file final-v5.txt (compact mmCIF, C-alpha atoms and all ligand atoms)
# COMPACT_ATOMS: atom_id res chain seq x y z
CA MET A 1 -229.20 -158.21 -103.79
CA ALA A 2 -231.68 -157.33 -101.07
CA SER A 3 -235.28 -158.14 -102.07
CA ASP A 4 -235.92 -154.45 -102.81
CA GLY A 5 -232.76 -153.80 -104.83
CA TYR A 6 -229.01 -153.29 -104.67
CA ARG A 7 -226.92 -151.13 -102.39
CA VAL A 8 -225.17 -148.88 -104.92
CA GLY A 9 -222.20 -146.59 -104.29
CA VAL A 10 -221.37 -143.61 -106.51
CA VAL A 11 -217.77 -142.47 -106.00
CA GLY A 12 -217.06 -138.91 -107.19
CA ALA A 13 -220.67 -137.93 -106.61
CA THR A 14 -219.98 -134.18 -106.55
CA GLY A 15 -218.12 -134.30 -109.89
CA ALA A 16 -219.23 -133.70 -113.47
CA VAL A 17 -219.55 -137.44 -114.20
CA GLY A 18 -220.64 -138.60 -110.74
CA SER A 19 -223.52 -136.13 -110.52
CA THR A 20 -224.63 -137.25 -114.01
CA MET A 21 -224.44 -140.89 -112.87
CA LEU A 22 -226.83 -140.09 -110.01
CA ARG A 23 -229.22 -138.44 -112.47
CA VAL A 24 -229.07 -141.32 -114.97
CA LEU A 25 -229.51 -143.99 -112.25
CA ALA A 26 -232.71 -142.25 -111.17
CA GLU A 27 -233.97 -141.55 -114.72
CA ARG A 28 -233.56 -145.17 -115.78
CA GLY A 29 -235.00 -146.58 -112.56
CA PHE A 30 -232.04 -148.81 -111.77
CA PRO A 31 -233.12 -151.28 -109.05
CA ALA A 32 -231.31 -149.66 -106.13
CA ALA A 33 -232.55 -150.15 -102.57
CA GLU A 34 -230.07 -147.52 -101.42
CA VAL A 35 -227.60 -145.17 -103.11
CA VAL A 36 -224.54 -144.04 -101.14
CA ALA A 37 -222.67 -140.94 -102.37
CA PHE A 38 -218.90 -140.76 -101.91
CA ALA A 39 -216.58 -137.80 -102.56
CA SER A 40 -213.31 -136.60 -101.07
CA GLN A 41 -212.81 -135.67 -97.44
CA ARG A 42 -213.29 -132.03 -98.52
CA SER A 43 -216.94 -132.73 -99.36
CA ALA A 44 -217.82 -134.78 -96.27
CA GLY A 45 -221.36 -133.81 -95.35
CA ALA A 46 -222.04 -131.94 -98.64
CA LYS A 47 -225.40 -132.72 -100.23
CA VAL A 48 -225.95 -134.07 -103.77
CA GLY A 49 -229.29 -134.55 -105.49
CA PHE A 50 -230.68 -138.00 -106.26
CA ASP A 51 -234.19 -138.74 -107.50
CA GLY A 52 -235.73 -135.65 -105.86
CA ALA A 53 -233.95 -136.26 -102.56
CA GLU A 54 -230.59 -135.24 -101.13
CA LEU A 55 -227.76 -137.60 -100.25
CA GLU A 56 -224.99 -136.69 -97.87
CA CYS A 57 -221.48 -137.31 -99.24
CA ARG A 58 -219.09 -139.51 -97.30
CA PRO A 59 -215.37 -140.07 -97.73
CA LEU A 60 -214.19 -143.54 -98.72
CA THR A 61 -213.34 -145.57 -95.62
CA PRO A 62 -213.22 -149.35 -95.11
CA ASP A 63 -216.34 -149.22 -92.91
CA ALA A 64 -218.32 -147.04 -95.32
CA VAL A 65 -217.84 -149.42 -98.28
CA GLU A 66 -218.95 -152.58 -96.42
CA GLY A 67 -222.13 -154.14 -97.83
CA LEU A 68 -222.15 -152.39 -101.22
CA ASP A 69 -223.26 -154.58 -104.15
CA LEU A 70 -222.29 -152.25 -106.99
CA VAL A 71 -220.11 -149.16 -107.25
CA LEU A 72 -219.98 -146.65 -110.10
CA SER A 73 -216.65 -144.92 -109.67
CA SER A 74 -215.41 -141.67 -111.23
CA ALA A 75 -213.05 -139.92 -108.86
CA GLY A 76 -209.85 -140.11 -110.90
CA GLY A 77 -207.27 -142.80 -111.62
CA SER A 78 -205.41 -142.71 -108.31
CA VAL A 79 -208.62 -143.16 -106.30
CA SER A 80 -209.64 -146.09 -108.53
CA ALA A 81 -206.18 -147.63 -108.36
CA GLU A 82 -206.40 -147.73 -104.59
CA TRP A 83 -210.10 -148.27 -103.98
CA ALA A 84 -211.42 -150.51 -106.77
CA PRO A 85 -209.62 -153.62 -105.41
CA LYS A 86 -210.76 -152.77 -101.86
CA LEU A 87 -214.36 -152.38 -103.02
CA VAL A 88 -214.17 -155.72 -104.84
CA GLU A 89 -212.65 -157.32 -101.73
CA ALA A 90 -215.58 -155.92 -99.74
CA GLY A 91 -217.98 -157.72 -102.13
CA ALA A 92 -218.93 -155.08 -104.72
CA VAL A 93 -218.72 -155.10 -108.50
CA VAL A 94 -217.06 -151.86 -109.67
CA VAL A 95 -217.89 -150.09 -112.92
CA ASP A 96 -214.89 -147.81 -113.18
CA ASN A 97 -214.93 -144.69 -115.26
CA THR A 98 -211.27 -143.73 -115.02
CA SER A 99 -208.49 -144.84 -117.34
CA PHE A 100 -206.60 -146.75 -114.63
CA TRP A 101 -208.03 -150.25 -115.22
CA ARG A 102 -209.14 -150.04 -118.85
CA MET A 103 -206.19 -151.77 -120.52
CA HIS A 104 -205.70 -154.35 -117.74
CA ASP A 105 -205.97 -157.84 -119.32
CA ASP A 106 -208.45 -159.10 -116.71
CA VAL A 107 -210.76 -156.10 -116.94
CA PRO A 108 -213.47 -156.00 -119.59
CA LEU A 109 -213.71 -152.66 -121.42
CA VAL A 110 -217.28 -152.42 -122.57
CA VAL A 111 -219.54 -150.21 -124.68
CA ALA A 112 -223.09 -151.43 -123.98
CA GLU A 113 -224.15 -151.50 -127.64
CA VAL A 114 -220.87 -152.96 -128.93
CA ASN A 115 -219.38 -155.76 -126.78
CA PRO A 116 -221.72 -156.57 -123.85
CA GLU A 117 -220.59 -160.23 -123.94
CA ALA A 118 -217.21 -159.11 -122.56
CA LEU A 119 -218.89 -158.59 -119.17
CA ASP A 120 -219.42 -162.31 -118.68
CA GLY A 121 -215.95 -163.16 -117.43
CA HIS A 122 -215.53 -160.13 -115.16
CA ARG A 123 -213.48 -160.45 -111.97
CA GLY A 124 -214.97 -157.61 -110.00
CA ILE A 125 -213.90 -154.59 -112.04
CA VAL A 126 -215.46 -153.53 -115.32
CA ALA A 127 -214.10 -150.48 -117.15
CA ASN A 128 -216.09 -147.77 -118.85
CA PRO A 129 -214.21 -146.57 -121.96
CA ASN A 130 -212.81 -143.14 -122.74
CA CYS A 131 -215.60 -140.81 -123.88
CA SER A 132 -214.06 -140.19 -127.33
CA ALA A 133 -213.62 -143.88 -128.13
CA MET A 134 -217.05 -144.65 -126.67
CA GLN A 135 -219.15 -142.39 -128.89
CA MET A 136 -217.07 -143.16 -131.98
CA LEU A 137 -217.54 -146.91 -131.53
CA VAL A 138 -221.30 -146.74 -131.00
CA ALA A 139 -221.35 -145.43 -134.58
CA LEU A 140 -218.47 -147.41 -136.11
CA ALA A 141 -219.07 -150.88 -134.63
CA PRO A 142 -222.11 -151.53 -136.87
CA ILE A 143 -219.98 -150.60 -139.91
CA HIS A 144 -217.17 -152.84 -138.66
CA ARG A 145 -219.59 -155.76 -138.23
CA ALA A 146 -221.13 -155.27 -141.68
CA VAL A 147 -218.13 -154.62 -143.93
CA GLY A 148 -215.02 -154.55 -141.72
CA ILE A 149 -212.93 -151.47 -140.92
CA GLU A 150 -209.24 -151.44 -141.67
CA ARG A 151 -208.32 -147.85 -140.84
CA ILE A 152 -209.74 -144.94 -138.83
CA VAL A 153 -208.41 -141.36 -138.90
CA VAL A 154 -210.19 -139.14 -136.39
CA SER A 155 -209.97 -135.60 -135.02
CA THR A 156 -211.93 -134.81 -131.88
CA TYR A 157 -213.39 -131.48 -130.76
CA GLN A 158 -213.71 -132.01 -127.02
CA PRO A 159 -215.68 -129.86 -124.57
CA VAL A 160 -214.32 -128.64 -121.26
CA SER A 161 -216.80 -130.76 -119.26
CA GLY A 162 -214.58 -133.67 -120.31
CA THR A 163 -211.97 -132.33 -117.88
CA GLY A 164 -214.46 -131.95 -115.04
CA ARG A 165 -216.17 -129.29 -113.02
CA ARG A 166 -213.19 -126.97 -112.47
CA ALA A 167 -212.46 -126.80 -116.21
CA MET A 168 -216.03 -125.66 -116.87
CA GLU A 169 -215.54 -122.91 -114.29
CA GLU A 170 -212.24 -121.92 -115.95
CA LEU A 171 -213.89 -121.49 -119.38
CA GLU A 172 -216.79 -119.52 -117.88
CA ALA A 173 -214.52 -117.19 -115.86
CA GLN A 174 -212.19 -116.48 -118.81
CA THR A 175 -215.08 -115.91 -121.21
CA HIS A 176 -216.85 -113.60 -118.78
CA ALA A 177 -213.69 -111.54 -118.24
CA ILE A 178 -212.97 -111.17 -121.97
CA LEU A 179 -216.57 -110.19 -122.74
CA HIS A 180 -216.33 -107.52 -120.05
CA ASP A 181 -213.01 -106.11 -121.31
CA LYS A 182 -211.11 -107.49 -118.34
CA GLU A 183 -207.88 -109.48 -118.17
CA PRO A 184 -208.95 -113.16 -118.12
CA PRO A 185 -207.78 -115.22 -115.14
CA ALA A 186 -204.59 -117.17 -115.90
CA PRO A 187 -205.14 -120.78 -116.99
CA GLU A 188 -204.94 -123.30 -114.17
CA ILE A 189 -206.47 -126.43 -115.65
CA TYR A 190 -205.32 -126.10 -119.26
CA PRO A 191 -201.83 -125.20 -120.53
CA HIS A 192 -203.22 -122.14 -122.38
CA ARG A 193 -206.29 -119.94 -122.29
CA ILE A 194 -209.28 -121.99 -123.46
CA ALA A 195 -211.77 -119.13 -123.95
CA PHE A 196 -211.92 -118.05 -127.62
CA ASN A 197 -209.18 -120.54 -128.41
CA VAL A 198 -208.60 -124.09 -129.74
CA LEU A 199 -205.98 -126.29 -128.05
CA PRO A 200 -204.39 -129.19 -129.96
CA GLN A 201 -203.65 -130.91 -126.66
CA VAL A 202 -206.03 -133.07 -124.61
CA GLU A 203 -204.31 -134.33 -121.44
CA THR A 204 -200.52 -134.58 -121.41
CA PHE A 205 -197.48 -135.57 -123.48
CA ARG A 206 -195.38 -138.35 -121.98
CA GLN A 207 -191.63 -137.93 -122.32
CA GLY A 208 -190.61 -138.68 -125.91
CA ASP A 209 -194.13 -139.21 -127.25
CA ASP A 210 -195.63 -136.98 -129.98
CA TYR A 211 -199.13 -138.15 -129.05
CA THR A 212 -201.02 -137.14 -125.91
CA THR A 213 -202.20 -139.62 -123.30
CA GLU A 214 -205.79 -139.03 -124.52
CA GLU A 215 -204.79 -139.85 -128.10
CA ARG A 216 -202.97 -143.01 -126.98
CA LYS A 217 -206.01 -144.08 -124.92
CA MET A 218 -208.39 -143.57 -127.81
CA MET A 219 -206.25 -145.66 -130.17
CA ALA A 220 -205.61 -148.51 -127.71
CA GLU A 221 -209.16 -148.67 -126.34
CA THR A 222 -210.69 -148.68 -129.83
CA ARG A 223 -208.74 -151.85 -130.64
CA LYS A 224 -209.46 -153.53 -127.30
CA ILE A 225 -213.22 -152.94 -127.60
CA LEU A 226 -213.34 -154.20 -131.20
CA GLY A 227 -211.00 -157.09 -130.38
CA ALA A 228 -208.54 -156.09 -133.12
CA THR A 229 -204.75 -156.09 -133.23
CA GLU A 230 -202.66 -153.14 -134.46
CA ASP A 231 -202.19 -154.96 -137.77
CA GLU A 232 -205.90 -155.60 -138.20
CA LEU A 233 -207.07 -152.08 -137.36
CA LYS A 234 -205.03 -148.93 -137.97
CA VAL A 235 -206.09 -145.93 -135.91
CA SER A 236 -204.70 -142.40 -135.99
CA ASP A 237 -206.10 -139.50 -134.00
CA THR A 238 -205.71 -135.84 -133.04
CA CYS A 239 -207.57 -134.78 -129.92
CA VAL A 240 -208.46 -131.11 -129.64
CA ARG A 241 -209.99 -129.12 -126.77
CA VAL A 242 -212.52 -126.49 -127.82
CA PRO A 243 -214.35 -123.81 -125.80
CA VAL A 244 -217.62 -125.74 -125.66
CA LEU A 245 -219.22 -126.75 -122.35
CA MET A 246 -221.06 -129.92 -123.33
CA GLY A 247 -221.00 -132.34 -126.24
CA GLU A 248 -218.06 -133.82 -128.12
CA SER A 249 -217.77 -133.68 -131.92
CA GLU A 250 -215.58 -135.94 -134.04
CA SER A 251 -214.52 -135.80 -137.67
CA VAL A 252 -213.95 -139.43 -138.65
CA ASN A 253 -212.48 -140.87 -141.83
CA VAL A 254 -213.09 -144.59 -142.03
CA GLN A 255 -211.62 -147.03 -144.53
CA THR A 256 -213.70 -150.18 -144.89
CA ARG A 257 -212.61 -153.62 -146.07
CA GLU A 258 -215.61 -154.10 -148.36
CA PRO A 259 -217.16 -151.19 -150.29
CA LEU A 260 -219.92 -149.21 -148.52
CA THR A 261 -221.77 -146.31 -150.11
CA PRO A 262 -222.89 -143.30 -148.05
CA GLU A 263 -226.52 -144.39 -148.64
CA GLU A 264 -225.78 -147.91 -147.35
CA CYS A 265 -223.92 -146.43 -144.40
CA ARG A 266 -226.87 -144.19 -143.45
CA ALA A 267 -229.28 -147.13 -143.79
CA LEU A 268 -227.05 -149.31 -141.61
CA LEU A 269 -226.65 -146.65 -138.94
CA SER A 270 -230.34 -145.78 -138.88
CA GLN A 271 -230.95 -149.35 -137.61
CA ALA A 272 -228.08 -149.31 -135.11
CA PRO A 273 -228.85 -149.21 -131.38
CA GLY A 274 -227.90 -145.92 -129.72
CA VAL A 275 -227.37 -144.08 -133.03
CA VAL A 276 -229.50 -141.35 -134.62
CA VAL A 277 -228.71 -140.32 -138.19
CA VAL A 278 -229.03 -136.53 -138.59
CA ASP A 279 -227.99 -135.91 -142.14
CA SER A 280 -229.53 -133.37 -144.46
CA PRO A 281 -226.64 -130.95 -144.83
CA SER A 282 -228.12 -128.77 -147.55
CA ASP A 283 -230.96 -127.97 -145.11
CA GLY A 284 -228.43 -127.16 -142.41
CA VAL A 285 -229.26 -130.44 -140.66
CA TYR A 286 -226.27 -132.25 -139.15
CA PRO A 287 -225.21 -133.26 -135.65
CA LEU A 288 -224.43 -130.39 -133.28
CA ALA A 289 -222.87 -130.49 -129.83
CA SER A 290 -225.68 -128.23 -128.60
CA GLU A 291 -228.25 -130.80 -129.73
CA ALA A 292 -226.39 -133.87 -128.49
CA ALA A 293 -226.02 -132.39 -124.99
CA GLY A 294 -228.55 -133.99 -122.67
CA ARG A 295 -229.23 -136.93 -125.01
CA ASP A 296 -228.09 -140.51 -124.67
CA GLU A 297 -227.84 -141.31 -128.38
CA VAL A 298 -224.83 -140.67 -130.59
CA LEU A 299 -225.70 -138.43 -133.56
CA VAL A 300 -224.13 -139.15 -136.97
CA GLY A 301 -224.22 -137.00 -140.08
CA ARG A 302 -222.20 -135.48 -142.94
CA VAL A 303 -221.84 -139.05 -144.22
CA ARG A 304 -220.03 -138.74 -147.52
CA ARG A 305 -217.59 -140.40 -149.84
CA ASP A 306 -213.94 -139.47 -149.38
CA PRO A 307 -213.00 -138.40 -152.92
CA SER A 308 -209.40 -139.48 -152.35
CA HIS A 309 -210.16 -143.16 -151.69
CA GLU A 310 -212.88 -145.46 -153.02
CA ARG A 311 -213.34 -147.37 -149.75
CA CYS A 312 -213.27 -144.36 -147.41
CA LEU A 313 -216.16 -142.44 -145.93
CA ASN A 314 -216.18 -139.26 -143.85
CA LEU A 315 -218.58 -138.90 -140.93
CA TRP A 316 -219.32 -136.32 -138.24
CA ILE A 317 -220.11 -138.04 -134.94
CA VAL A 318 -221.41 -136.14 -131.90
CA GLY A 319 -222.30 -137.30 -128.40
CA ASP A 320 -222.80 -136.06 -124.86
CA ASN A 321 -219.48 -136.87 -123.18
CA LEU A 322 -220.98 -136.85 -119.68
CA ARG A 323 -223.94 -139.07 -120.63
CA LYS A 324 -223.13 -141.70 -123.31
CA GLY A 325 -219.44 -140.85 -122.98
CA ALA A 326 -219.48 -141.66 -119.27
CA ALA A 327 -222.55 -141.89 -117.00
CA THR A 328 -225.14 -143.45 -119.31
CA ASN A 329 -222.80 -146.21 -120.46
CA ALA A 330 -221.83 -146.92 -116.82
CA VAL A 331 -225.50 -147.29 -115.88
CA GLN A 332 -226.16 -149.41 -118.99
CA LEU A 333 -223.31 -151.68 -117.87
CA ALA A 334 -224.89 -151.90 -114.42
CA GLU A 335 -228.19 -152.88 -116.08
CA LEU A 336 -226.47 -155.51 -118.21
CA LEU A 337 -224.65 -156.92 -115.16
CA HIS A 338 -227.99 -157.09 -113.33
CA ALA A 339 -229.76 -158.73 -116.29
CA ARG A 340 -226.98 -161.34 -116.60
CA GLY A 341 -226.88 -162.11 -112.86
CA LEU A 342 -223.32 -160.75 -112.68
CA ILE A 343 -223.65 -158.43 -109.67
CA ARG A 344 -222.05 -160.75 -107.16
CA ARG A 345 -218.84 -161.19 -105.22
CA ALA A 346 -215.93 -161.99 -107.56
CA GLU A 347 -214.40 -165.40 -106.86
CA GLU A 348 -210.96 -164.49 -108.23
CA PRO A 349 -210.72 -160.72 -107.95
CA VAL A 350 -208.58 -158.66 -110.34
CA ARG A 351 -205.18 -157.68 -108.96
CA ALA A 352 -203.17 -154.65 -110.07
N1 LIG B 1 -215.84 -135.57 -117.64
C1 LIG B 1 -215.95 -136.50 -118.58
O1 LIG B 1 -216.55 -136.30 -119.68
C2 LIG B 1 -215.36 -137.86 -118.37
C3 LIG B 1 -215.65 -138.86 -119.29
C4 LIG B 1 -215.12 -140.12 -119.10
C5 LIG B 1 -214.31 -140.34 -118.00
N2 LIG B 1 -214.04 -139.36 -117.10
C6 LIG B 1 -213.21 -139.69 -115.93
O2 LIG B 1 -214.01 -139.68 -114.76
C7 LIG B 1 -213.25 -139.22 -113.63
C8 LIG B 1 -213.96 -138.04 -112.97
O3 LIG B 1 -214.12 -137.01 -113.93
P1 LIG B 1 -215.02 -135.72 -113.67
O4 LIG B 1 -215.01 -135.01 -114.97
O5 LIG B 1 -216.32 -136.06 -113.04
O6 LIG B 1 -214.09 -134.91 -112.59
P2 LIG B 1 -214.53 -133.82 -111.51
O7 LIG B 1 -215.71 -133.03 -111.94
O8 LIG B 1 -213.27 -133.09 -111.17
O9 LIG B 1 -214.97 -134.69 -110.22
C9 LIG B 1 -214.06 -135.46 -109.47
C10 LIG B 1 -214.83 -136.17 -108.36
O10 LIG B 1 -213.93 -137.04 -107.67
C11 LIG B 1 -214.04 -136.78 -106.28
N3 LIG B 1 -212.82 -137.14 -105.56
C12 LIG B 1 -211.60 -136.59 -105.71
N4 LIG B 1 -210.73 -137.17 -104.83
C13 LIG B 1 -211.43 -138.12 -104.16
C14 LIG B 1 -211.10 -139.05 -103.13
N5 LIG B 1 -209.87 -139.13 -102.63
N6 LIG B 1 -212.09 -139.87 -102.67
C15 LIG B 1 -213.34 -139.80 -103.17
N7 LIG B 1 -213.72 -138.93 -104.14
C16 LIG B 1 -212.76 -138.09 -104.62
C17 LIG B 1 -214.36 -135.31 -106.21
O11 LIG B 1 -214.86 -134.98 -104.92
P3 LIG B 1 -214.72 -133.49 -104.30
O12 LIG B 1 -215.84 -132.69 -104.86
O13 LIG B 1 -214.86 -133.76 -102.84
O14 LIG B 1 -213.36 -132.99 -104.69
C18 LIG B 1 -215.40 -135.22 -107.31
O15 LIG B 1 -216.63 -135.74 -106.85
C19 LIG B 1 -211.85 -138.90 -114.18
O16 LIG B 1 -211.03 -140.03 -113.99
C20 LIG B 1 -212.09 -138.68 -115.65
O17 LIG B 1 -210.96 -138.96 -116.43
C21 LIG B 1 -214.55 -138.12 -117.24
call {"tool": "encode", "arguments": {"input": "final-v5.txt", "output": "structure tokens"}}
result
Amino acid sequence: MASDGYRVGVVGATGAVGSTMLRVLAERGFPAAEVVAFASQRSAGAKVGFDGAELECRPLTPDAVEGLDLVLSSAGGSVSAEWAPKLVEAGAVVVDNTSFWRMHDDVPLVVAEVNPEALDGHRGIVANPNCSAMQMLVALAPIHRAVGIERIVVSTYQPVSGTGRRAMEELEAQTHAILHDKEPPAPEIYPHRIAFNVLPQVETFRQGDDYTTEERKMMAETRKILGATEDELKVSDTCVRVPVLMGESESVNVQTREPLTPEECRALLSQAPGVVVVDSPSDGVYPLASEAAGRDEVLVGRVRRDPSHERCLNLWIVGDNLRKGAATNAVQLAELLHARGLIRRAEEPVRA
């Protein structure tokens, strides 16, 4: 690190997550001497905002990535597959926000409040989890630590910002057309119209699989982050796309090993880092996507006993997918790496 801070790259700087990363880096005062914005060739020369100034976007080239200490990357799996090893080779530590590296054995998958110790053995690439698993685990890890969790059944209600900038434009254009009695533009990003609709499909179905890639990621990443095998922790999920711009909601049924009352659960979560309990349903007070948007904490409410099982609770968990679900956690990981002296050239870099 230069005496005045790190040289930080943000890859995907024009995107929904990348632009939020720039905002969060500035808000939290990460010790950066310089921030370099990268996007695709299409955006070469385009300007993005950072800390009241404008940065000019560059394409990724071997010369442009020389001398970076830290890179926050969110430009899609294929860009990370190719560029993360090159960035590590060039001396940077990469916090990668795509799914490409998350399940790789040599890559820590880390939620800042849950398993920060996993960063210690990193080999150049650190993965930022899927937004749905991330917000759920901020709320569930304290329960798991206190009484153990043996089974999770979750349904997600995911906003279009989770698919990126073009998906937000698709929802807005379709909604505008319908509200003005016009034929909505045909779907391009989603398989069906998203405006005034609910799609029980997030991402894609692989040949022969009844679950989507998003559902598979959420199940696998939940176990990796909590360090549990399939036998130790059962997870079942349904991921749903809803016509909301920001903020992901989740209906979670959790079966604990030891008994836990709703009151004990609220008390536990009210002490948990990164969690705010919002739970007075008869007053109309519960977590809302509109209230989580723009916040870094995960909101938890509707905590109640599942009448069908004595060791099950139901919870409603809401977070900002672009902040805690992506950018804020990435910057928290950068802060943890800095605090632990882990922003340095990897001696034995990860290989694909
Ligand atoms: N959105 C979320 O809530 C969320 C949460 C967790 C993880 N993620 C993951 O984060 C990644 C980005 O998501 P997003 O929602 O921010 O998508 P997005 O809004 O579509 O942005 C994609 C970004 O990647 C850039 N890019 C594309 N090809 C590139 C290349 N060859 N070299 C350099 N930059 C390139 C784009 O630049 P141009 O503008 O030049 O095209 C843009 O800045 C995805 O892998 C996604 O799965 C997203």
call {"tool": "closest_atom_pairs", "arguments": {"input": "final-v5.txt", "of": "chain A", "to": "ligand LIG 1 (chain B)", "cutoff": "6 Å", "atoms": "only C-alpha atoms and all ligand atoms", "output": "CSV"}}
result
residue,atom,partner,partner_atom,distance
A:Val11,CA,B:LIG1,N7,5.7
A:Gly12,CA,B:LIG1,O15,3.2
A:Ala13,CA,B:LIG1,O15,4.6
A:Thr14,CA,B:LIG1,O15,3.7
A:Gly15,CA,B:LIG1,O9,3.2
A:Ala16,CA,B:LIG1,O5,3.8
A:Val17,CA,B:LIG1,O5,3.7
A:Gly18,CA,B:LIG1,O5,5.5
A:Phe38,CA,B:LIG1,C15,5.8
A:Ala39,CA,B:LIG1,N7,3.5
A:Ser40,CA,B:LIG1,O13,3.7
A:Arg42,CA,B:LIG1,O13,4.9
A:Ser43,CA,B:LIG1,O13,4.2
A:Pro59,CA,B:LIG1,C15,5.8
A:Leu60,CA,B:LIG1,N6,5.8
A:Ser74,CA,B:LIG1,C7,4.1
A:Ala75,CA,B:LIG1,O10,3.2
A:Gly76,CA,B:LIG1,O16,3.3
A:Gly77,CA,B:LIG1,O16,5.2
A:Val79,CA,B:LIG1,N5,5.6
A:Asn97,CA,B:LIG1,O2,5.1
A:Thr98,CA,B:LIG1,O16,3.8
A:Asn130,CA,B:LIG1,C4,5.3
A:Cys131,CA,B:LIG1,C4,4.9
A:Ser161,CA,B:LIG1,N1,5.2
A:Gly162,CA,B:LIG1,O1,3.3
A:Thr163,CA,B:LIG1,O4,5.0
A:Gly164,CA,B:LIG1,O4,3.1
A:Arg165,CA,B:LIG1,O7,3.9
A:Asn321,CA,B:LIG1,O1,4.6
A:Leu322,CA,B:LIG1,O1,4.5
A:Gly325,CA,B:LIG1,C3,5.7
A:Ala326,CA,B:LIG1,C4,4.6
call {"tool": "closest_residue", "arguments": {"input": "final-v5.txt", "among": "A:Ala167, A:Leu288, A:Val36, A:Ala46", "to": "A:Glu248", "atoms": "only C-alpha atoms"}}
result
A:Leu288
call {"tool": "closest_residue", "arguments": {"input": "final-v5.txt", "among": "A:Pro287, A:Gly247, A:Gly9, A:Gly148", "to": "A:Ala228", "atoms": "only C-alpha atoms"}}
result
A:Gly148
call {"tool": "residues_around", "arguments": {"input": "final-v5.txt", "residues": "A:Glu170", "least_positions_apart": "6", "cutoff": "10 Å", "atoms": "only C-alpha atoms", "output": "ChimeraX atom specification"}}
result
/A:160,176,184-190,193-195
call {"tool": "write_last_selection", "arguments": {"input": "final-v5.txt", "atoms": "C-alpha atoms", "output": "PDB file, in the coordinates of the input"}}
result
ATOM      1  CA  VAL A 160    -214.320-128.640-121.260  1.00  0.00           C
ATOM      2  CA  HIS A 176    -216.850-113.600-118.780  1.00  0.00           C
ATOM      3  CA  PRO A 184    -208.950-113.160-118.120  1.00  0.00           C
ATOM      4  CA  PRO A 185    -207.780-115.220-115.140  1.00  0.00           C
ATOM      5  CA  ALA A 186    -204.590-117.170-115.900  1.00  0.00           C
ATOM      6  CA  PRO A 187    -205.140-120.780-116.990  1.00  0.00           C
ATOM      7  CA  GLU A 188    -204.940-123.300-114.170  1.00  0.00           C
ATOM      8  CA  ILE A 189    -206.470-126.430-115.650  1.00  0.00           C
ATOM      9  CA  TYR A 190    -205.320-126.100-119.260  1.00  0.00           C
ATOM     10  CA  ARG A 193    -206.290-119.940-122.290  1.00  0.00           C
ATOM     11  CA  ILE A 194    -209.280-121.990-123.460  1.00  0.00           C
ATOM     12  CA  ALA A 195    -211.770-119.130-123.950  1.00  0.00           C
TER      13      ALA A 195
END
call {"tool": "atom_distance", "arguments": {"input": "final-v5.txt", "atom1": "atom CA of A:Leu199", "atom2": "atom CA of A:Ser99"}}
result
21.6 Å
call {"tool": "residues_near_point", "arguments": {"input": "final-v5.txt", "point": "(-220.5, -149.2, -103.4)", "cutoff": "10 Å", "atoms": "only C-alpha atoms", "output": "short mmCIF file (atom, residue, chain, number, x, y, z; two decimals) with C-alpha atoms, in the frame of the given file"}}
result
data_model
loop_
_atom_site.label_atom_id
_atom_site.label_comp_id
_atom_site.auth_asym_id
_atom_site.auth_seq_id
_atom_site.Cartn_x
_atom_site.Cartn_y
_atom_site.Cartn_z
CA TYR A 6 -229.01 -153.29 -104.67
CA ARG A 7 -226.92 -151.13 -102.39
CA VAL A 8 -225.17 -148.88 -104.92
CA GLY A 9 -222.20 -146.59 -104.29
CA VAL A 10 -221.37 -143.61 -106.51
CA VAL A 11 -217.77 -142.47 -106.00
CA GLU A 34 -230.07 -147.52 -101.42
CA VAL A 35 -227.60 -145.17 -103.11
CA VAL A 36 -224.54 -144.04 -101.14
CA ALA A 37 -222.67 -140.94 -102.37
CA PHE A 38 -218.90 -140.76 -101.91
CA LEU A 60 -214.19 -143.54 -98.72
CA ALA A 64 -218.32 -147.04 -95.32
CA VAL A 65 -217.84 -149.42 -98.28
CA GLU A 66 -218.95 -152.58 -96.42
CA GLY A 67 -222.13 -154.14 -97.83
CA LEU A 68 -222.15 -152.39 -101.22
CA ASP A 69 -223.26 -154.58 -104.15
CA LEU A 70 -222.29 -152.25 -106.99
CA VAL A 71 -220.11 -149.16 -107.25
CA LEU A 72 -219.98 -146.65 -110.10
CA SER A 73 -216.65 -144.92 -109.67
CA ALA A 84 -211.42 -150.51 -106.77
CA LEU A 87 -214.36 -152.38 -103.02
CA VAL A 88 -214.17 -155.72 -104.84
CA ALA A 90 -215.58 -155.92 -99.74
CA GLY A 91 -217.98 -157.72 -102.13
CA ALA A 92 -218.93 -155.08 -104.72
CA VAL A 93 -218.72 -155.10 -108.50
CA VAL A 94 -217.06 -151.86 -109.67
CA VAL A 95 -217.89 -150.09 -112.92
#
call {"tool": "atom_distance", "arguments": {"input": "final-v5.txt", "atom1": "atom CA of A:Asp237", "atom2": "atom CA of A:Met219"}}
result
7.3 Å
call {"tool": "residues_around", "arguments": {"input": "final-v5.txt", "residues": "A:Ser236", "least_positions_apart": "3", "cutoff": "8 Å", "atoms": "all atoms listed in the file", "output": "list of chain:residue names"}}
result
A:Ile152, A:Val153, A:Val154, A:Met219
call {"tool": "closest_residue", "arguments": {"input": "final-v5.txt", "among": "A:Asp209, A:Asp283, A:Asp4, A:Glu221", "to": "A:Val111", "atoms": "all atoms listed in the file"}}
result
A:Glu221
call {"tool": "residues_around", "arguments": {"input": "final-v5.txt", "residues": "A:Phe50", "least_positions_apart": "4", "cutoff": "9 Å", "atoms": "only C-alpha atoms", "output": "MDAnalysis selection string"}}
result
chainID A and resid 19 22:23 25:26 35 54:55
call {"tool": "closest_residue", "arguments": {"input": "final-v5.txt", "among": "A:Val300, A:Cys239, A:Val252, A:Ile317", "to": "A:Thr213", "atoms": "all atoms listed in the file"}}
result
A:Cys239
